[in-house]
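**Q** Got a structure for you, written out below as structure tokens; questions coming shortly.
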Amino acid sequence: MKVIFLMGPIASGKGTQADILAKKFGFFHFETSKFLEANFKKPELAKEKEKFDSGQWNDPSWVAGIVCKEAGKLVDEGREVIFSGSPRTVEEAILIIPCFEDKIGKENILFLNIDLSEQESVKRSLARRICKANRHPIPGFPEFQKLTACPEDGSELIRRSLDKPEIISRRYQEHLNRTVPIFDFLKNHGYSILEINGEQSIEKVSGDILNNLSFRHDQYQNAAGN
Ligand SMILES: [Zn+2]
């Protein structure tokens, strides 16, 4: 049993890479924002919904509570889980990581950081699009720039209003100020972080991640041979 935390700044491709790992090895890709959104129907959470919708940070104990409960349930059922958006702050990390240490042990928890410069993060974010019909994401990589319609439903491709240079730079700085300190916290707790160069194609990043997941080496060899 493994639990993987995939970290990285905006447009580092962590969601895409988590999807690739999920498909290859059967991990459950835990997208925290989806689980938070599912709770917003409850009227007592109006305040958290407002924060979420306006891009502010939610209360760490509320976020951690949902992550521990929902992802913890999956682990209890024997599912391996990969995270692409948690923990986002040291406060969240302090609350989230022990839930999984208790269940599967420290040695089965892995942290990967996809490194990306601010310049590249902004460039990619400005180039990425979503489809009008179903909001399918079209990454800001060169290989997607020629697309004029959604490959899945043929609908028009548009840019998100949030993908503006000043908003992306602000989010990158927030990542440096609030998420990167998690790495020191983790190192002080005996974890090592696998560093991945994010300034490569999706395929190369994926290859580097697989090469670093030594526990999956045999399966990777098999998957590569197929
Ligand atoms: Zn679409």
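Residue numbers start at 1 in each chain; chains themselves are named A, B, ... in the order of the structure tokens; ligands are numbered from 1 in the order shown.
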Write out as a PyMOL selection string each polymer residue (protein, DNA or RNA) that has an atom no more than 10 Å from ligand 1, with only C-alpha atoms and all ligand atoms counted.
**A** chain A and resi 130-138+149-157
**Q** Could I get the residues of range 119-178 of chain A with an atom no further than 12 Å from an atom of range 53-73 of chain A, each paired with its nearest atom pair and that distance in Å to one decimal, using only C-alpha atoms, sorted by chain and residue number, as CSV?
**A**
```
residue,atom,partner,partner_atom,distance
A:Leu162,CA,A:Gly55,CA,9.7
A:Ile167,CA,A:Gly55,CA,10.2
A:Ile168,CA,A:Gly55,CA,11.7
A:Arg170,CA,A:Gly55,CA,11.1
A:Arg171,CA,A:Gly55,CA,9.5
A:Glu174,CA,A:Trp57,CA,10.3
A:His175,CA,A:Trp57,CA,11.7
A:Arg178,CA,A:Trp57,CA,10.4
```
**Q** Store the residues picked out above, limited to N, CA and C atoms, as a PDB file, in the first residue's frame.
**A**
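Output file selection05.pdb follows:
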```
ATOM      1  N   LEU A 162      -9.446  33.291 -15.037  1.00  0.00           N
ATOM      2  CA  LEU A 162      -8.428  33.301 -13.976  1.00  0.00           C
ATOM      3  C   LEU A 162      -7.009  33.248 -14.531  1.00  0.00           C
ATOM      4  N   ILE A 167      -2.608  37.233 -11.933  1.00  0.00           N
ATOM      5  CA  ILE A 167      -3.210  36.243 -11.025  1.00  0.00           C
ATOM      6  C   ILE A 167      -2.297  35.020 -10.908  1.00  0.00           C
ATOM      7  N   ILE A 168      -1.707  34.607 -12.028  1.00  0.00           N
ATOM      8  CA  ILE A 168      -0.825  33.430 -12.004  1.00  0.00           C
ATOM      9  C   ILE A 168       0.429  33.730 -11.175  1.00  0.00           C
ATOM     10  N   ARG A 170       0.686  35.830  -8.769  1.00  0.00           N
ATOM     11  CA  ARG A 170       0.301  35.870  -7.361  1.00  0.00           C
ATOM     12  C   ARG A 170       0.180  34.457  -6.803  1.00  0.00           C
ATOM     13  N   ARG A 171      -0.423  33.563  -7.602  1.00  0.00           N
ATOM     14  CA  ARG A 171      -0.580  32.181  -7.131  1.00  0.00           C
ATOM     15  C   ARG A 171       0.776  31.472  -7.029  1.00  0.00           C
ATOM     16  N   GLU A 174       2.277  32.671  -3.828  1.00  0.00           N
ATOM     17  CA  GLU A 174       1.599  32.008  -2.707  1.00  0.00           C
ATOM     18  C   GLU A 174       2.126  30.587  -2.526  1.00  0.00           C
ATOM     19  N   HIS A 175       2.376  29.924  -3.653  1.00  0.00           N
ATOM     20  CA  HIS A 175       2.942  28.575  -3.597  1.00  0.00           C
ATOM     21  C   HIS A 175       4.301  28.610  -2.885  1.00  0.00           C
ATOM     22  N   ARG A 178       3.631  29.627   0.944  1.00  0.00           N
ATOM     23  CA  ARG A 178       2.790  28.814   1.833  1.00  0.00           C
ATOM     24  C   ARG A 178       2.935  27.304   1.616  1.00  0.00           C
TER      25      ARG A 178
END
```
**Q** Of the candidates A:Leu116, A:Lys2, A:Asn177, A:Ser201, which shows the shortest atom-to-atom distance to Gly78 in chain A, using only C-alpha atoms?
**A**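 When distances to Gly78 in chain A are compared using only C-alpha atoms, the smallest one comes from A:Lys2.
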**Q** Restricting the calculation to only C-alpha atoms, which member of A:Asp208, A:Lys47, A:Glu107, A:Phe100 is positioned closest to Asp76 in chain A?
**A**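 Ranking A:Asp208, A:Lys47, A:Glu107, A:Phe100 by distance to Asp76 in chain A, first place goes to A:Phe100.
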**Q** Rank nothing, just name the residue among A:Lys146, A:Asn188, A:Arg159, A:Phe28 nearest to Glu77 in chain A, using only C-alpha atoms.
**A**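 Residue with the minimum atom-to-atom distance to Glu77 in chain A: A:Phe28.
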**Q** Considering only C-alpha atoms, state which residue in the set A:His189, A:Leu6, A:Gly13, A:Gly105 is at the smallest distance from Gly140 in chain A.
**A**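 Once distances to Gly140 in chain A are computed over only C-alpha atoms, the minimum belongs to A:Gly13.
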